[in-house]
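Visitor: If it helps, the file is called upload_31.cif and holds mmCIF, C-alpha atoms:
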data_protein
#
loop_
_atom_site.group_PDB
_atom_site.id
_atom_site.type_symbol
_atom_site.label_atom_id
_atom_site.label_comp_id
_atom_site.auth_asym_id
_atom_site.auth_seq_id
_atom_site.Cartn_x
_atom_site.Cartn_y
_atom_site.Cartn_z
ATOM 1 C CA MET A 1 9.475 17.200 -7.602
ATOM 2 C CA HIS A 2 9.851 13.742 -6.100
ATOM 3 C CA ASP A 3 10.987 15.180 -2.742
ATOM 4 C CA LYS A 4 7.449 16.351 -1.843
ATOM 5 C CA LEU A 5 5.985 12.952 -2.656
ATOM 6 C CA LEU A 6 8.720 11.128 -0.757
ATOM 7 C CA ALA A 7 8.253 13.386 2.284
ATOM 8 C CA TYR A 8 4.515 12.627 2.132
ATOM 9 C CA ILE A 9 5.054 8.854 1.873
ATOM 10 C CA CYS A 10 7.914 8.550 4.335
ATOM 11 C CA SER A 11 6.383 10.807 7.000
ATOM 12 C CA ASP A 12 4.287 7.897 8.328
ATOM 13 C CA HIS A 13 6.058 4.918 6.769
ATOM 14 C CA ASP A 14 9.670 3.828 7.078
ATOM 15 C CA CYS A 15 11.181 3.927 3.603
ATOM 16 C CA THR A 16 14.352 2.165 2.596
ATOM 17 C CA GLN A 17 16.696 3.649 0.012
ATOM 18 C CA LYS A 18 15.538 0.961 -2.418
ATOM 19 C CA GLU A 19 11.917 2.077 -1.948
ATOM 20 C CA ILE A 20 12.865 5.727 -2.397
ATOM 21 C CA ASP A 21 14.690 4.844 -5.614
ATOM 22 C CA ALA A 22 11.648 2.874 -6.817
ATOM 23 C CA VAL A 23 9.333 5.861 -6.220
ATOM 24 C CA ARG A 24 11.708 8.051 -8.220
ATOM 25 C CA LYS A 25 11.797 5.414 -10.970
ATOM 26 C CA TYR A 26 8.056 4.812 -11.324
ATOM 27 C CA PHE A 27 6.609 8.303 -10.807
ATOM 28 C CA GLU A 28 7.121 10.391 -13.945
ATOM 29 C CA PRO A 29 7.250 14.202 -13.590
ATOM 30 C CA VAL A 30 4.899 16.075 -15.949
ATOM 31 C CA ALA A 31 3.606 19.628 -16.274
ATOM 32 C CA PHE A 32 0.362 20.768 -17.876
ATOM 33 C CA SER A 33 -1.102 24.161 -18.685
ATOM 34 C CA LYS A 34 -4.322 25.554 -17.281
ATOM 35 C CA ASN A 35 -7.495 24.082 -18.874
ATOM 36 C CA THR A 36 -5.691 20.971 -20.176
ATOM 37 C CA VAL A 37 -7.750 17.774 -20.032
ATOM 38 C CA ILE A 38 -5.292 15.080 -18.949
ATOM 39 C CA GLU A 39 -7.726 12.146 -18.812
ATOM 40 C CA GLU A 40 -10.563 11.916 -21.347
ATOM 41 C CA ALA A 41 -14.077 10.562 -20.833
ATOM 42 C CA GLY A 42 -14.833 7.355 -22.694
ATOM 43 C CA LYS A 43 -11.397 5.887 -21.943
ATOM 44 C CA VAL A 44 -9.754 3.934 -19.148
ATOM 45 C CA PRO A 45 -7.811 6.387 -16.939
ATOM 46 C CA GLN A 46 -4.134 5.891 -17.710
ATOM 47 C CA TYR A 47 -2.515 7.434 -14.631
ATOM 48 C CA LEU A 48 -2.767 8.173 -10.954
ATOM 49 C CA TYR A 49 -1.471 11.708 -10.390
ATOM 50 C CA TYR A 50 0.295 13.158 -7.377
ATOM 51 C CA ILE A 51 -0.251 16.919 -7.296
ATOM 52 C CA VAL A 52 2.971 18.800 -6.612
ATOM 53 C CA SER A 53 1.374 22.157 -7.454
ATOM 54 C CA GLY A 54 -1.837 23.342 -9.034
ATOM 55 C CA TYR A 55 -5.519 22.429 -8.952
ATOM 56 C CA LEU A 56 -7.385 19.647 -10.740
ATOM 57 C CA ARG A 57 -11.037 18.791 -11.138
ATOM 58 C CA LEU A 58 -12.951 15.640 -12.003
ATOM 59 C CA PHE A 59 -16.117 16.253 -14.011
ATOM 60 C CA TYR A 60 -18.645 14.699 -16.368
ATOM 61 C CA MET A 61 -21.264 15.948 -18.790
ATOM 62 C CA ASP A 62 -24.870 15.442 -17.666
ATOM 63 C CA GLN A 63 -27.748 14.556 -20.024
ATOM 64 C CA ASN A 64 -28.308 18.276 -20.731
ATOM 65 C CA GLY A 65 -24.699 18.873 -21.735
ATOM 66 C CA ASN A 66 -23.776 20.661 -18.483
ATOM 67 C CA GLU A 67 -20.447 20.049 -16.797
ATOM 68 C CA VAL A 68 -20.821 18.574 -13.304
ATOM 69 C CA THR A 69 -17.723 18.872 -11.132
ATOM 70 C CA THR A 70 -17.584 15.987 -8.683
ATOM 71 C CA HIS A 71 -14.147 16.516 -7.184
ATOM 72 C CA ILE A 72 -11.618 19.325 -6.807
ATOM 73 C CA ASN A 73 -8.207 18.667 -5.395
ATOM 74 C CA CYS A 74 -5.176 20.708 -4.516
ATOM 75 C CA PRO A 75 -1.656 19.874 -3.427
ATOM 76 C CA PRO A 76 -0.617 17.625 -1.880
ATOM 77 C CA GLY A 77 -2.713 14.659 -2.825
ATOM 78 C CA PHE A 78 -3.512 12.020 -5.385
ATOM 79 C CA PHE A 79 -6.019 12.425 -8.175
ATOM 80 C CA THR A 80 -7.701 10.385 -10.890
ATOM 81 C CA SER A 81 -11.021 8.737 -11.628
ATOM 82 C CA TYR A 82 -10.169 6.232 -8.871
ATOM 83 C CA SER A 83 -12.490 3.253 -9.244
ATOM 84 C CA GLU A 84 -12.087 3.170 -13.029
ATOM 85 C CA PHE A 85 -8.296 3.503 -12.715
ATOM 86 C CA ILE A 86 -8.105 0.659 -10.195
ATOM 87 C CA ASP A 87 -10.522 -1.620 -12.074
ATOM 88 C CA GLY A 88 -9.299 -0.756 -15.588
ATOM 89 C CA ARG A 89 -12.787 0.390 -16.647
ATOM 90 C CA VAL A 90 -13.850 3.133 -19.033
ATOM 91 C CA SER A 91 -14.623 6.365 -17.169
ATOM 92 C CA GLU A 92 -17.359 8.890 -17.909
ATOM 93 C CA ASN A 93 -15.226 11.518 -16.168
ATOM 94 C CA LYS A 94 -12.608 13.918 -17.422
ATOM 95 C CA VAL A 95 -9.651 15.130 -15.377
ATOM 96 C CA GLU A 96 -8.779 18.749 -16.116
ATOM 97 C CA CYS A 97 -6.116 21.138 -14.861
ATOM 98 C CA ILE A 98 -7.879 24.182 -13.401
ATOM 99 C CA THR A 99 -4.528 25.962 -13.114
ATOM 100 C CA ASP A 100 -1.046 25.241 -14.439
ATOM 101 C CA CYS A 101 -0.024 21.983 -12.744
ATOM 102 C CA GLU A 102 3.143 20.154 -11.826
ATOM 103 C CA LEU A 103 2.362 16.484 -11.301
ATOM 104 C CA LEU A 104 3.970 13.126 -10.803
ATOM 105 C CA ARG A 105 2.131 10.321 -12.557
ATOM 106 C CA ILE A 106 2.219 6.556 -12.388
ATOM 107 C CA SER A 107 0.487 3.956 -14.553
ATOM 108 C CA LYS A 108 -1.606 1.164 -13.025
ATOM 109 C CA THR A 109 0.970 -1.417 -14.109
ATOM 110 C CA ASP A 110 3.810 0.502 -12.451
ATOM 111 C CA LEU A 111 1.723 1.191 -9.333
ATOM 112 C CA ASP A 112 1.043 -2.534 -8.978
ATOM 113 C CA LEU A 113 4.774 -3.273 -9.371
ATOM 114 C CA LEU A 114 5.705 -0.612 -6.828
ATOM 115 C CA ILE A 115 3.189 -1.897 -4.276
ATOM 116 C CA HIS A 116 4.407 -5.450 -4.849
ATOM 117 C CA GLU A 117 8.062 -4.405 -4.385
ATOM 118 C CA SER A 118 7.591 -2.075 -1.414
ATOM 119 C CA GLN A 119 5.926 -2.696 1.940
ATOM 120 C CA ALA A 120 6.014 1.050 2.660
ATOM 121 C CA MET A 121 4.160 1.771 -0.602
ATOM 122 C CA LYS A 122 1.662 -0.994 0.103
ATOM 123 C CA ASP A 123 0.955 0.459 3.561
ATOM 124 C CA PHE A 124 0.852 3.978 2.149
ATOM 125 C CA SER A 125 -1.581 2.943 -0.600
ATOM 126 C CA ILE A 126 -3.918 1.455 1.996
ATOM 127 C CA SER A 127 -3.843 4.671 4.049
ATOM 128 C CA VAL A 128 -4.531 6.802 0.931
ATOM 129 C CA PHE A 129 -7.455 4.521 0.050
ATOM 130 C CA GLN A 130 -8.829 4.817 3.598
ATOM 131 C CA GLN A 131 -8.526 8.620 3.483
ATOM 132 C CA SER A 132 -10.330 8.649 0.136
ATOM 133 C CA ILE A 133 -13.216 6.586 1.503
ATOM 134 C CA THR A 134 -13.526 8.865 4.537
ATOM 135 C CA TYR A 135 -13.441 11.996 2.376
ATOM 136 C CA ASN A 136 -16.118 10.640 0.013
ATOM 137 C CA GLU A 137 -18.372 9.551 2.883
ATOM 138 C CA ASN A 138 -18.073 12.999 4.497
ATOM 139 C CA ARG A 139 -18.740 14.712 1.170
ATOM 140 C CA SER A 140 -21.848 12.603 0.530
ATOM 141 C CA LYS A 141 -23.130 13.356 4.012
ATOM 142 C CA ALA A 142 -22.511 17.098 3.603
ATOM 143 C CA LEU A 143 -24.362 17.154 0.272
ATOM 144 C CA SER A 144 -27.358 15.419 1.824
ATOM 145 C CA VAL A 145 -27.654 17.159 5.212
ATOM 146 C CA LEU A 146 -26.221 20.667 4.775
ATOM 147 C CA ASN A 147 -27.922 23.496 2.943
ATOM 148 C CA ALA A 148 -26.059 25.398 0.207
ATOM 149 C CA GLU A 149 -24.714 28.102 2.524
ATOM 150 C CA GLN A 150 -23.527 25.550 5.078
ATOM 151 C CA ARG A 151 -21.738 23.566 2.343
ATOM 152 C CA TYR A 152 -19.934 26.713 1.185
ATOM 153 C CA LEU A 153 -18.969 27.694 4.733
ATOM 154 C CA LYS A 154 -17.650 24.174 5.346
ATOM 155 C CA LEU A 155 -15.547 24.371 2.164
ATOM 156 C CA MET A 156 -14.230 27.804 3.218
ATOM 157 C CA GLU A 157 -13.247 26.430 6.610
ATOM 158 C CA GLU A 158 -11.678 23.169 5.468
ATOM 159 C CA TYR A 159 -10.166 24.165 2.087
ATOM 160 C CA PRO A 160 -9.772 27.966 1.907
ATOM 161 C CA GLU A 161 -7.129 27.592 -0.813
ATOM 162 C CA ILE A 162 -9.784 26.183 -3.167
ATOM 163 C CA ILE A 163 -11.920 29.304 -2.663
ATOM 164 C CA GLN A 164 -8.909 31.452 -3.588
ATOM 165 C CA ASN A 165 -7.716 29.458 -6.626
ATOM 166 C CA VAL A 166 -10.707 27.820 -8.313
ATOM 167 C CA PRO A 167 -13.272 29.623 -10.519
ATOM 168 C CA ILE A 168 -16.709 30.104 -8.978
ATOM 169 C CA GLN A 169 -18.524 27.990 -11.583
ATOM 170 C CA TYR A 170 -16.472 24.916 -10.643
ATOM 171 C CA ILE A 171 -16.941 25.523 -6.917
ATOM 172 C CA ALA A 172 -20.697 25.969 -7.395
ATOM 173 C CA SER A 173 -20.975 22.730 -9.386
ATOM 174 C CA PHE A 174 -18.863 20.884 -6.813
ATOM 175 C CA LEU A 175 -21.185 22.135 -4.049
ATOM 176 C CA GLY A 176 -24.301 21.146 -5.990
ATOM 177 C CA MET A 177 -25.612 24.600 -6.859
ATOM 178 C CA LYS A 178 -25.761 27.139 -9.676
ATOM 179 C CA PRO A 179 -23.088 29.887 -9.864
ATOM 180 C CA GLU A 180 -25.775 32.538 -9.295
ATOM 181 C CA SER A 181 -26.770 30.867 -6.019
ATOM 182 C CA LEU A 182 -23.158 30.754 -4.872
ATOM 183 C CA SER A 183 -22.722 34.431 -5.784
ATOM 184 C CA ARG A 184 -25.732 35.306 -3.585
ATOM 185 C CA ILE A 185 -24.333 33.259 -0.721
ATOM 186 C CA ARG A 186 -20.934 34.934 -1.046
ATOM 187 C CA ARG A 187 -22.507 38.411 -1.065
ATOM 188 C CA LYS A 188 -24.550 37.535 2.027
ATOM 189 C CA ILE A 189 -21.440 36.312 3.876
ATOM 190 C CA ILE A 190 -19.454 39.435 2.948
ATOM 191 C CA ASN A 191 -22.260 41.721 4.140
#
Mind turning this structure into structure tokens?

Guide:
Amino acid sequence: MHDKLLAYICSDHDCTQKEIDAVRKYFEPVAFSKNTVIEEAGKVPQYLYYIVSGYLRLFYMDQNGNEVTTHINCPPGFFTSYSEFIDGRVSENKVECITDCELLRISKTDLDLLIHESQAMKDFSISVFQQSITYNENRSKALSVLNAEQRYLKLMEEYPEIIQNVPIQYIASFLGMKPESLSRIRRKIIN
């Protein structure tokens, strides 16, 4: 499983054998079944996950007891409740496997050691952080300026694999709408 992560890291950053060995040492392979919550709300997130295969979501419970999905990710990529993981703060979010997942995980302590030991990992971490900021800014903009149908069409265009692998209720929540509204939009697009 480490080969996918190493290809991802070393594609833009020169990695020494020592750095490759360190990635293999610090990233632990794990597998989880569909619907498994791997990070609980009310706790400090324990791991940063690299998705080898499968789909994850980040969600919280609103004041009415409804699940609100704020992020859906698919391979390849990193996933956790980022700011709480980095700052060591309690998160209101849960991380759940939407499908069966194969992941590589690293603790904050080990991530800090790896970044300290490896210039390639330090540079890579900065680029992942920059990509995350850009993604979140674009997502916020889309939620504020696009209507529901436009948001769905944008998701279909940019991440068609999510449409094919994630249940409609999670997609609807992620796009800021009710499942019934998304069903109407999907019927309209098909017709």

Visitor: Determine the residue set returned by the PyMOL selection byres ((chain A and resi 49-53) around 12) for the present structure, and present it as a PyMOL selection string.

Guide: chain A and resi 1-9+23+26-34+38-39+45-48+54-57+72-82+85+95-108+111+128+165

Visitor: Take the PyMOL selection byres ((chain A and resi 14) around 12), run it mentally on this structure, and tell me the resulting residues as a PyMOL selection string.

Guide: chain A and resi 6-13+15-20+118-124

Visitor: What do you get, as a list in words, if you spell out every residue that the PyMOL selection byres ((chain A and resi 171) around 10) selects here?

Guide: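 Applied to this file, the PyMOL selection byres ((chain A and resi 171) around 10) selects Arg57, Thr69, Thr70, His71, Ile72, Tyr152, Leu155, Ile162, Ile163, Val166, Pro167, Ile168, Gln169, Tyr170, Ala172, Ser173, Phe174, Leu175, Gly176, Met177, Lys178, Pro179 and Leu182 of chain A.
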
Visitor: Any idea what the distance is between atom CA of A:Ser132 and atom CA of A:Lys25?

Guide: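 Distance reported for this atom pair: 25.0 Å.
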
Visitor: Could you tell me how far atom CA of A:Glu158 sits from atom CA of A:Asn138, in Å to one decimal place?

Guide: 12.1 Å

Visitor: Rounded to one decimal, what separation in Å do you get between atom CA of A:Lys43 and atom CA of A:Leu143?

Guide: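 Going from atom CA of A:Lys43 over to atom CA of A:Leu143, I get 28.1 Å.
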
Visitor: Report, as AutoDock Vina command-line options, the axis-aligned box around all atoms of stretch 85-97 of chain A present in the file, extended by 8 Å on each side; give centre and edge lengths in Å to one decimal place.

Guide:
--center_x -11.7 --center_y 9.8 --center_z -14.6 --size_x 27.2 --size_y 38.8 --size_z 24.8

Visitor: Could you check the closest approach to A:Gly88 for each of A:Asn66, A:Asn147, A:Asn191, A:Thr109 and tell me which residue wins, using only C-alpha atoms?

Guide: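 When distances to A:Gly88 are compared using only C-alpha atoms, the smallest one comes from A:Thr109.
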